[in-house]
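Okay, protein-v4.pdb now, which holds PDB, C-alpha atoms:
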ATOM      1  CA  MET K   1      14.847 -12.419   2.577  1.00  0.00           C
ATOM      2  CA  ALA K   2      13.385 -10.513   5.534  1.00  0.00           C
ATOM      3  CA  LYS K   3      16.872  -9.716   6.895  1.00  0.00           C
ATOM      4  CA  VAL K   4      17.965  -8.345   3.528  1.00  0.00           C
ATOM      5  CA  LYS K   5      14.880  -6.135   3.358  1.00  0.00           C
ATOM      6  CA  GLU K   6      15.393  -4.824   6.919  1.00  0.00           C
ATOM      7  CA  ALA K   7      19.055  -4.018   6.272  1.00  0.00           C
ATOM      8  CA  VAL K   8      18.244  -2.237   3.023  1.00  0.00           C
ATOM      9  CA  LEU K   9      15.343  -0.231   4.468  1.00  0.00           C
ATOM     10  CA  ALA K  10      17.558   1.025   7.314  1.00  0.00           C
ATOM     11  CA  GLU K  11      19.848   2.516   4.656  1.00  0.00           C
ATOM     12  CA  ILE K  12      17.288   3.955   2.238  1.00  0.00           C
ATOM     13  CA  ILE K  13      14.541   5.316   4.505  1.00  0.00           C
ATOM     14  CA  PRO K  14      16.670   8.371   5.433  1.00  0.00           C
ATOM     15  CA  ILE K  15      17.131   9.105   1.705  1.00  0.00           C
ATOM     16  CA  ILE K  16      13.391   8.817   1.082  1.00  0.00           C
ATOM     17  CA  LYS K  17      12.495  11.043   4.042  1.00  0.00           C
ATOM     18  CA  SER K  18      15.146  13.649   3.186  1.00  0.00           C
ATOM     19  CA  ARG K  19      13.294  14.354  -0.070  1.00  0.00           C
ATOM     20  CA  GLY K  20       9.922  14.722   1.650  1.00  0.00           C
ATOM     21  CA  ASP K  21       8.737  11.377   0.308  1.00  0.00           C
ATOM     22  CA  GLU K  22       6.912   8.658   2.224  1.00  0.00           C
ATOM     23  CA  LEU K  23       7.767   4.972   2.067  1.00  0.00           C
ATOM     24  CA  VAL K  24       4.376   3.386   1.378  1.00  0.00           C
ATOM     25  CA  ASP K  25       5.449  -0.231   1.030  1.00  0.00           C
ATOM     26  CA  SER K  26       8.380  -2.430   0.101  1.00  0.00           C
ATOM     27  CA  GLU K  27       9.042  -6.013  -0.867  1.00  0.00           C
ATOM     28  CA  TYR K  28      11.997  -8.210  -1.637  1.00  0.00           C
ATOM     29  CA  VAL K  29      10.708 -11.214  -3.557  1.00  0.00           C
ATOM     30  CA  LYS K  30      11.760 -13.892  -5.995  1.00  0.00           C
ATOM     31  CA  GLU K  31       9.584 -14.210  -9.093  1.00  0.00           C
ATOM     32  CA  LYS K  32      10.340 -16.602 -11.949  1.00  0.00           C
ATOM     33  CA  GLY K  33      13.918 -17.056 -10.762  1.00  0.00           C
ATOM     34  CA  GLN K  34      14.649 -13.315 -10.481  1.00  0.00           C
ATOM     35  CA  ASN K  35      14.943 -11.299  -7.249  1.00  0.00           C
ATOM     36  CA  TYR K  36      13.152  -7.944  -7.064  1.00  0.00           C
ATOM     37  CA  LEU K  37      13.489  -5.158  -4.533  1.00  0.00           C
ATOM     38  CA  ARG K  38      10.376  -3.023  -4.902  1.00  0.00           C
ATOM     39  CA  ILE K  39      10.090   0.307  -3.158  1.00  0.00           C
ATOM     40  CA  TYR K  40       6.769   2.183  -3.281  1.00  0.00           C
ATOM     41  CA  VAL K  41       6.882   5.888  -2.441  1.00  0.00           C
ATOM     42  CA  ASP K  42       4.466   8.773  -2.476  1.00  0.00           C
ATOM     43  CA  ARG K  43       4.048  12.383  -1.380  1.00  0.00           C
ATOM     44  CA  ASP K  44       1.048  14.160   0.072  1.00  0.00           C
ATOM     45  CA  ASP K  45       0.710  16.151  -3.150  1.00  0.00           C
ATOM     46  CA  GLY K  46       1.555  13.169  -5.395  1.00  0.00           C
ATOM     47  CA  ILE K  47       4.802  12.092  -6.995  1.00  0.00           C
ATOM     48  CA  ASP K  48       5.719  12.216 -10.681  1.00  0.00           C
ATOM     49  CA  MET K  49       8.007  10.097 -12.859  1.00  0.00           C
ATOM     50  CA  ASP K  50      10.923  12.563 -12.739  1.00  0.00           C
ATOM     51  CA  GLU K  51      10.856  12.534  -8.934  1.00  0.00           C
ATOM     52  CA  ILE K  52      10.719   8.724  -8.895  1.00  0.00           C
ATOM     53  CA  ALA K  53      13.618   8.507 -11.363  1.00  0.00           C
ATOM     54  CA  GLY K  54      15.718  10.834  -9.204  1.00  0.00           C
ATOM     55  CA  LEU K  55      14.930   8.858  -6.069  1.00  0.00           C
ATOM     56  CA  SER K  56      15.641   5.572  -7.851  1.00  0.00           C
ATOM     57  CA  GLU K  57      19.095   6.855  -8.818  1.00  0.00           C
ATOM     58  CA  LEU K  58      19.856   7.913  -5.228  1.00  0.00           C
ATOM     59  CA  ILE K  59      18.703   4.557  -3.828  1.00  0.00           C
ATOM     60  CA  SER K  60      20.614   2.593  -6.461  1.00  0.00           C
ATOM     61  CA  THR K  61      23.822   4.516  -5.739  1.00  0.00           C
ATOM     62  CA  LYS K  62      23.418   3.940  -1.990  1.00  0.00           C
ATOM     63  CA  LEU K  63      22.796   0.215  -2.428  1.00  0.00           C
ATOM     64  CA  ASP K  64      25.845  -0.117  -4.707  1.00  0.00           C
ATOM     65  CA  GLU K  65      28.011   1.474  -1.976  1.00  0.00           C
ATOM     66  CA  LEU K  66      26.927  -0.886   0.825  1.00  0.00           C
ATOM     67  CA  SER K  67      29.690  -3.065   2.227  1.00  0.00           C
ATOM     68  CA  PRO K  68      29.233  -5.862   2.843  1.00  0.00           C
ATOM     69  CA  ASP K  69      26.655  -6.289   0.104  1.00  0.00           C
ATOM     70  CA  PRO K  70      23.381  -7.346   1.809  1.00  0.00           C
ATOM     71  CA  PHE K  71      22.101  -9.053  -1.347  1.00  0.00           C
ATOM     72  CA  PRO K  72      23.053 -12.713  -1.693  1.00  0.00           C
ATOM     73  CA  ASP K  73      22.064 -12.769  -5.376  1.00  0.00           C
ATOM     74  CA  PRO K  74      21.585 -10.301  -8.241  1.00  0.00           C
ATOM     75  CA  TYR K  75      18.341  -8.313  -8.052  1.00  0.00           C
ATOM     76  CA  ILE K  76      16.298  -5.750  -9.931  1.00  0.00           C
ATOM     77  CA  LEU K  77      15.452  -2.484  -8.166  1.00  0.00           C
ATOM     78  CA  GLU K  78      12.002  -1.070  -8.896  1.00  0.00           C
ATOM     79  CA  VAL K  79      10.997   2.273  -7.400  1.00  0.00           C
ATOM     80  CA  SER K  80       7.465   3.421  -8.120  1.00  0.00           C
ATOM     81  CA  SER K  81       4.336   5.083  -6.881  1.00  0.00           C
ATOM     82  CA  PRO K  82       1.811   2.712  -5.335  1.00  0.00           C
ATOM     83  CA  GLY K  83      -0.782   4.138  -7.716  1.00  0.00           C
ATOM     84  CA  ILE K  84      -4.265   5.445  -7.152  1.00  0.00           C
ATOM     85  CA  GLU K  85      -5.566   2.110  -5.879  1.00  0.00           C
ATOM     86  CA  GLN K  86      -2.807   1.603  -3.343  1.00  0.00           C
ATOM     87  CA  PRO K  87      -3.277  -0.738  -0.385  1.00  0.00           C
ATOM     88  CA  ILE K  88      -4.337   0.723   2.954  1.00  0.00           C
ATOM     89  CA  LYS K  89      -1.934  -0.594   5.559  1.00  0.00           C
ATOM     90  CA  THR K  90      -0.563   2.054   7.899  1.00  0.00           C
ATOM     91  CA  ASN K  91      -2.288   4.466  10.291  1.00  0.00           C
ATOM     92  CA  ASN K  92      -1.404   7.254   7.869  1.00  0.00           C
ATOM     93  CA  ASP K  93      -3.105   5.325   5.033  1.00  0.00           C
ATOM     94  CA  TRP K  94      -6.255   4.901   7.149  1.00  0.00           C
ATOM     95  CA  GLN K  95      -6.309   8.630   7.914  1.00  0.00           C
ATOM     96  CA  LYS K  96      -6.017   9.432   4.202  1.00  0.00           C
ATOM     97  CA  ALA K  97      -8.779   6.928   3.419  1.00  0.00           C
ATOM     98  CA  LEU K  98     -11.287   8.460   5.832  1.00  0.00           C
ATOM     99  CA  ASN K  99     -14.245   9.851   3.834  1.00  0.00           C
ATOM    100  CA  ASN K 100     -12.781   8.438   0.630  1.00  0.00           C
ATOM    101  CA  TYR K 101     -13.887   5.606  -1.655  1.00  0.00           C
ATOM    102  CA  ILE K 102     -12.263   2.248  -0.833  1.00  0.00           C
ATOM    103  CA  HIS K 103     -12.455  -1.437  -1.753  1.00  0.00           C
ATOM    104  CA  ILE K 104     -12.607  -4.134   0.947  1.00  0.00           C
ATOM    105  CA  ALA K 105     -12.131  -7.860   0.359  1.00  0.00           C
ATOM    106  CA  LEU K 106     -13.305 -10.221   3.107  1.00  0.00           C
ATOM    107  CA  TYR K 107     -12.309 -13.674   4.310  1.00  0.00           C
ATOM    108  CA  GLN K 108     -15.965 -14.621   4.599  1.00  0.00           C
ATOM    109  CA  LYS K 109     -19.222 -13.252   3.277  1.00  0.00           C
ATOM    110  CA  ILE K 110     -21.327 -10.541   4.855  1.00  0.00           C
ATOM    111  CA  ASP K 111     -24.828 -10.332   3.332  1.00  0.00           C
ATOM    112  CA  ASN K 112     -23.759 -12.859   0.670  1.00  0.00           C
ATOM    113  CA  GLN K 113     -20.797 -10.762  -0.542  1.00  0.00           C
ATOM    114  CA  LYS K 114     -17.041 -11.019  -0.024  1.00  0.00           C
ATOM    115  CA  GLU K 115     -16.180  -7.634  -1.575  1.00  0.00           C
ATOM    116  CA  TYR K 116     -17.519  -4.149  -0.963  1.00  0.00           C
ATOM    117  CA  GLU K 117     -16.772  -0.672  -2.226  1.00  0.00           C
ATOM    118  CA  GLY K 118     -17.906   2.494  -0.540  1.00  0.00           C
ATOM    119  CA  ILE K 119     -16.929   5.530   1.478  1.00  0.00           C
ATOM    120  CA  LEU K 120     -14.963   4.890   4.655  1.00  0.00           C
ATOM    121  CA  LYS K 121     -16.930   6.667   7.386  1.00  0.00           C
ATOM    122  CA  SER K 122     -14.969   5.485  10.436  1.00  0.00           C
ATOM    123  CA  TYR K 123     -12.641   2.774  11.649  1.00  0.00           C
ATOM    124  CA  THR K 124     -11.344   1.331  14.895  1.00  0.00           C
ATOM    125  CA  ASN K 125      -9.156  -1.647  15.712  1.00  0.00           C
ATOM    126  CA  ASP K 126     -12.339  -3.740  15.860  1.00  0.00           C
ATOM    127  CA  GLU K 127     -14.539  -2.526  12.994  1.00  0.00           C
ATOM    128  CA  ILE K 128     -14.877  -0.507   9.821  1.00  0.00           C
ATOM    129  CA  LYS K 129     -17.950   1.558   8.957  1.00  0.00           C
ATOM    130  CA  LEU K 130     -18.510   1.823   5.245  1.00  0.00           C
ATOM    131  CA  GLU K 131     -21.212   3.710   3.389  1.00  0.00           C
ATOM    132  CA  ILE K 132     -22.223   1.587   0.429  1.00  0.00           C
ATOM    133  CA  LYS K 133     -24.667   2.226  -2.368  1.00  0.00           C
ATOM    134  CA  ILE K 134     -27.345  -0.336  -3.180  1.00  0.00           C
ATOM    135  CA  LYS K 135     -29.069   0.764  -6.380  1.00  0.00           C
ATOM    136  CA  THR K 136     -30.120   4.324  -5.463  1.00  0.00           C
ATOM    137  CA  ARG K 137     -30.002   3.984  -1.657  1.00  0.00           C
ATOM    138  CA  ARG K 138     -27.034   4.535   0.631  1.00  0.00           C
ATOM    139  CA  LYS K 139     -26.562   2.155   3.533  1.00  0.00           C
ATOM    140  CA  GLN K 140     -24.123   1.987   6.459  1.00  0.00           C
ATOM    141  CA  LEU K 141     -22.303  -1.339   6.740  1.00  0.00           C
ATOM    142  CA  THR K 142     -20.256  -2.328   9.778  1.00  0.00           C
ATOM    143  CA  ILE K 143     -17.484  -4.795   9.006  1.00  0.00           C
ATOM    144  CA  PRO K 144     -15.519  -6.584  11.744  1.00  0.00           C
ATOM    145  CA  ARG K 145     -11.771  -6.007  11.171  1.00  0.00           C
ATOM    146  CA  LYS K 146     -11.038  -9.705  11.735  1.00  0.00           C
ATOM    147  CA  LEU K 147     -12.980 -10.484   8.525  1.00  0.00           C
ATOM    148  CA  VAL K 148     -10.945  -8.077   6.360  1.00  0.00           C
ATOM    149  CA  ALA K 149      -8.501  -9.778   3.982  1.00  0.00           C
ATOM    150  CA  ASN K 150      -7.302  -6.549   2.340  1.00  0.00           C
ATOM    151  CA  VAL K 151      -8.252  -2.931   1.823  1.00  0.00           C
ATOM    152  CA  ARG K 152      -7.232  -0.485  -0.894  1.00  0.00           C
ATOM    153  CA  PHE K 153      -8.216   2.866  -2.299  1.00  0.00           C
ATOM    154  CA  ALA K 154     -10.651   2.578  -5.205  1.00  0.00           C
ATOM    155  CA  ILE K 155     -11.974   4.678  -8.029  1.00  0.00           C
ATOM    156  CA  GLU K 156     -15.698   5.369  -7.942  1.00  0.00           C
ATOM    157  CA  PHE K 157     -17.518   5.039 -11.259  1.00  0.00           C
TER     158      PHE K 157
END
Entire entry expressed as structure tokens:
Amino acid sequence: MAKVKEAVLAEIIPIIKSRGDELVDSEYVKEKGQNYLRIYVDRDDGIDMDEIAGLSELISTKLDELSPDPFPDPYILEVSSPGIEQPIKTNNDWQKALNNYIHIALYQKIDNQKEYEGILKSYTNDEIKLEIKIKTRRKQLTIPRKLVANVRFAIEF
């Protein structure tokens, strides 16, 4: 499945970039017997449904024209925005997340917790500094990167 995804991305990334969009993530997976090609795109100023529909049409047309067909089986194409709580994966994502509210899930507990939400204050390859709120106090928490299972943007309530 990885080879299919690589071949497809090589063809569609130029289309995505030509519109000023950013490829946020992609996956080619089999779920309940059905193959899905999911493409997540965004723009700095946000992307709306009409823009996604237009991009989906361009990608679909391009994929239909590919010869030989890189897909061994039928698939469903899904093009969408990653949403407000999108995962933080790339350097660009980390830059956008700086001084914003995020959610971090850990492989093992720190101070008896495996999940934290707070404002990303800084990050390096080795650690993440998060400002968390405990009741009415704000506290700086340093999290080793090797303990991080996943990170995403979050909505503060």
Fill in: Surrounding residues of Asn100 in chain K excluding itself and chain neighbours under 4 positions, 8 Å, all atoms listed in the file, as a list in words
Lys96, Gly118, Ile119, Leu120 and Phe153 of chain K
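Run against this file, the PyMOL selection byres ((chain K and resi 104) around 8) gives back K:Ile102, K:His103, K:Ala105, K:Leu106, K:Glu115, K:Tyr116, K:Glu117, K:Val148, K:Ala149, K:Asn150, K:Val151, K:Arg152.
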Fill in: Within 9 Å of range 55-58 of chain K using all atoms listed in the file, minus same-chain residues under 5 positions, as an NGL selection string
:K and (12 or 15-16 or 19 or 39 or 50 or 63 or 77-80)
Item to complete: Find the residues around Gln140 in chain K up to 9 Å (only C-alpha atoms counted), leave out those fewer than 5 positions away in its own chain, and share them as an MDAnalysis selection string.
Response: chainID K and resid 121 129:133
Next, write the just-selected residues to a file, as a PDB file, in the frame of the given file, keeping C-alpha atoms as the atom set.
ATOM      1  CA  LYS K 121     -16.930   6.667   7.386  1.00  0.00           C
ATOM      2  CA  LYS K 129     -17.950   1.558   8.957  1.00  0.00           C
ATOM      3  CA  LEU K 130     -18.510   1.823   5.245  1.00  0.00           C
ATOM      4  CA  GLU K 131     -21.212   3.710   3.389  1.00  0.00           C
ATOM      5  CA  ILE K 132     -22.223   1.587   0.429  1.00  0.00           C
ATOM      6  CA  LYS K 133     -24.667   2.226  -2.368  1.00  0.00           C
TER       7      LYS K 133
END
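Between CA of Glu11 in chain K and CA of Lys62 in chain K there is a distance of 7.7 Å.
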Centre, x/y/z edge lengths, axis-aligned box for range 41-46 of chain K with 4 Å per side, as lines of an AutoDock Vina configuration file:
center_x = 3.8
center_y = 11.0
center_z = -2.7
size_x = 14.2
size_y = 18.3
size_z = 13.5
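With CA of Ala2 in chain K on one side and CA of Glu31 in chain K on the other, the separation reads 15.6 Å.
Minimum distance to Pro70 in chain K across K:Leu37, K:Ile128, K:Ile143, K:Ile110 (counting only C-alpha atoms) occurs at K:Leu37.
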Worksheet item: From the set K:Glu127, K:Ala53, K:Val8, K:Trp94, which residue has the shortest atom-to-atom contact distance to Glu65 in chain K, counting all atoms listed in the file?
Response: K:Val8
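The smallest atom-to-atom distance between Lys30 in chain K and any of K:Pro14, K:Gly54, K:Pro74, K:Pro68, using all atoms listed in the file, is found for K:Pro74.
Distances here use only C-alpha atoms; by that measure, the residue among K:Tyr123, K:Gln113, K:Gln86, K:Gln108 closest to Ile155 in chain K is K:Gln86.
When all atoms listed in the file are used to measure the gap to Asp111 in chain K, the shortest distance among K:Glu6, K:Phe71, K:Leu141, K:Ser81 belongs to K:Leu141.
The shortest atom-to-atom distance to Val24 in chain K, with all atoms listed in the file taken into account, belongs to K:Arg43 out of K:Lys114, K:Arg43, K:Lys109, K:Lys5.
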Output range 46-57 of chain K with all heavy atoms present, as a PDB file, in the frame of the given file.
ATOM      1  N   GLY K  46       1.311  14.049  -4.253  1.00  0.00           N
ATOM      2  CA  GLY K  46       1.555  13.169  -5.395  1.00  0.00           C
ATOM      3  C   GLY K  46       3.010  13.207  -5.823  1.00  0.00           C
ATOM      4  O   GLY K  46       3.750  14.127  -5.481  1.00  0.00           O
ATOM      5  N   ILE K  47       3.413  12.203  -6.547  1.00  0.00           N
ATOM      6  CA  ILE K  47       4.802  12.092  -6.995  1.00  0.00           C
ATOM      7  C   ILE K  47       4.801  11.793  -8.488  1.00  0.00           C
ATOM      8  O   ILE K  47       3.978  11.007  -8.969  1.00  0.00           O
ATOM      9  CB  ILE K  47       5.546  11.019  -6.174  1.00  0.00           C
ATOM     10  CG1 ILE K  47       7.046  11.095  -6.396  1.00  0.00           C
ATOM     11  CG2 ILE K  47       5.007   9.633  -6.437  1.00  0.00           C
ATOM     12  CD1 ILE K  47       7.852  10.372  -5.332  1.00  0.00           C
ATOM     13  N   ASP K  48       5.700  12.440  -9.233  1.00  0.00           N
ATOM     14  CA  ASP K  48       5.719  12.216 -10.681  1.00  0.00           C
ATOM     15  C   ASP K  48       6.918  11.356 -11.085  1.00  0.00           C
ATOM     16  O   ASP K  48       7.776  11.021 -10.269  1.00  0.00           O
ATOM     17  CB  ASP K  48       5.675  13.534 -11.449  1.00  0.00           C
ATOM     18  CG  ASP K  48       6.910  14.406 -11.267  1.00  0.00           C
ATOM     19  OD1 ASP K  48       8.007  13.872 -11.022  1.00  0.00           O
ATOM     20  OD2 ASP K  48       6.779  15.638 -11.400  1.00  0.00           O
ATOM     21  N   MET K  49       6.973  11.001 -12.350  1.00  0.00           N
ATOM     22  CA  MET K  49       8.007  10.097 -12.859  1.00  0.00           C
ATOM     23  C   MET K  49       9.416  10.662 -12.708  1.00  0.00           C
ATOM     24  O   MET K  49      10.349   9.917 -12.422  1.00  0.00           O
ATOM     25  CB  MET K  49       7.730   9.759 -14.325  1.00  0.00           C
ATOM     26  CG  MET K  49       6.505   8.893 -14.533  1.00  0.00           C
ATOM     27  SD  MET K  49       6.577   7.331 -13.640  1.00  0.00           S
ATOM     28  CE  MET K  49       7.891   6.510 -14.496  1.00  0.00           C
ATOM     29  N   ASP K  50       9.592  11.968 -12.887  1.00  0.00           N
ATOM     30  CA  ASP K  50      10.923  12.563 -12.739  1.00  0.00           C
ATOM     31  C   ASP K  50      11.410  12.438 -11.299  1.00  0.00           C
ATOM     32  O   ASP K  50      12.589  12.161 -11.052  1.00  0.00           O
ATOM     33  CB  ASP K  50      10.911  14.039 -13.161  1.00  0.00           C
ATOM     34  CG  ASP K  50      10.746  14.210 -14.665  1.00  0.00           C
ATOM     35  OD1 ASP K  50      11.086  13.266 -15.417  1.00  0.00           O
ATOM     36  OD2 ASP K  50      10.289  15.287 -15.091  1.00  0.00           O
ATOM     37  N   GLU K  51      10.492  12.659 -10.345  1.00  0.00           N
ATOM     38  CA  GLU K  51      10.856  12.534  -8.934  1.00  0.00           C
ATOM     39  C   GLU K  51      11.195  11.088  -8.589  1.00  0.00           C
ATOM     40  O   GLU K  51      12.142  10.821  -7.855  1.00  0.00           O
ATOM     41  CB  GLU K  51       9.721  13.052  -8.052  1.00  0.00           C
ATOM     42  CG  GLU K  51       9.530  14.554  -8.195  1.00  0.00           C
ATOM     43  CD  GLU K  51       8.168  15.039  -7.713  1.00  0.00           C
ATOM     44  OE1 GLU K  51       7.227  14.229  -7.616  1.00  0.00           O
ATOM     45  OE2 GLU K  51       8.050  16.243  -7.446  1.00  0.00           O
ATOM     46  N   ILE K  52      10.446  10.146  -9.137  1.00  0.00           N
ATOM     47  CA  ILE K  52      10.719   8.724  -8.895  1.00  0.00           C
ATOM     48  C   ILE K  52      12.066   8.334  -9.513  1.00  0.00           C
ATOM     49  O   ILE K  52      12.850   7.612  -8.900  1.00  0.00           O
ATOM     50  CB  ILE K  52       9.572   7.848  -9.434  1.00  0.00           C
ATOM     51  CG1 ILE K  52       8.345   8.009  -8.525  1.00  0.00           C
ATOM     52  CG2 ILE K  52       9.989   6.386  -9.530  1.00  0.00           C
ATOM     53  CD1 ILE K  52       7.091   7.339  -9.024  1.00  0.00           C
ATOM     54  N   ALA K  53      12.341   8.812 -10.712  1.00  0.00           N
ATOM     55  CA  ALA K  53      13.618   8.507 -11.363  1.00  0.00           C
ATOM     56  C   ALA K  53      14.788   9.030 -10.544  1.00  0.00           C
ATOM     57  O   ALA K  53      15.797   8.336 -10.369  1.00  0.00           O
ATOM     58  CB  ALA K  53      13.641   9.087 -12.774  1.00  0.00           C
ATOM     59  N   GLY K  54      14.658  10.255 -10.034  1.00  0.00           N
ATOM     60  CA  GLY K  54      15.718  10.834  -9.204  1.00  0.00           C
ATOM     61  C   GLY K  54      15.932  10.038  -7.930  1.00  0.00           C
ATOM     62  O   GLY K  54      17.073   9.769  -7.524  1.00  0.00           O
ATOM     63  N   LEU K  55      14.846   9.650  -7.291  1.00  0.00           N
ATOM     64  CA  LEU K  55      14.930   8.858  -6.069  1.00  0.00           C
ATOM     65  C   LEU K  55      15.520   7.479  -6.362  1.00  0.00           C
ATOM     66  O   LEU K  55      16.352   6.978  -5.603  1.00  0.00           O
ATOM     67  CB  LEU K  55      13.551   8.718  -5.424  1.00  0.00           C
ATOM     68  CG  LEU K  55      13.503   7.900  -4.135  1.00  0.00           C
ATOM     69  CD1 LEU K  55      14.411   8.501  -3.055  1.00  0.00           C
ATOM     70  CD2 LEU K  55      12.074   7.799  -3.632  1.00  0.00           C
ATOM     71  N   SER K  56      15.119   6.882  -7.468  1.00  0.00           N
ATOM     72  CA  SER K  56      15.641   5.572  -7.851  1.00  0.00           C
ATOM     73  C   SER K  56      17.164   5.635  -8.019  1.00  0.00           C
ATOM     74  O   SER K  56      17.885   4.730  -7.574  1.00  0.00           O
ATOM     75  CB  SER K  56      14.985   5.107  -9.148  1.00  0.00           C
ATOM     76  OG  SER K  56      15.474   3.846  -9.522  1.00  0.00           O
ATOM     77  N   GLU K  57      17.645   6.685  -8.621  1.00  0.00           N
ATOM     78  CA  GLU K  57      19.095   6.855  -8.818  1.00  0.00           C
ATOM     79  C   GLU K  57      19.810   6.975  -7.470  1.00  0.00           C
ATOM     80  O   GLU K  57      20.865   6.361  -7.256  1.00  0.00           O
ATOM     81  CB  GLU K  57      19.365   8.084  -9.691  1.00  0.00           C
ATOM     82  CG  GLU K  57      20.817   8.270 -10.047  1.00  0.00           C
ATOM     83  CD  GLU K  57      21.382   7.147 -10.911  1.00  0.00           C
ATOM     84  OE1 GLU K  57      20.649   6.608 -11.753  1.00  0.00           O
ATOM     85  OE2 GLU K  57      22.569   6.813 -10.726  1.00  0.00           O
TER      86      GLU K  57
END
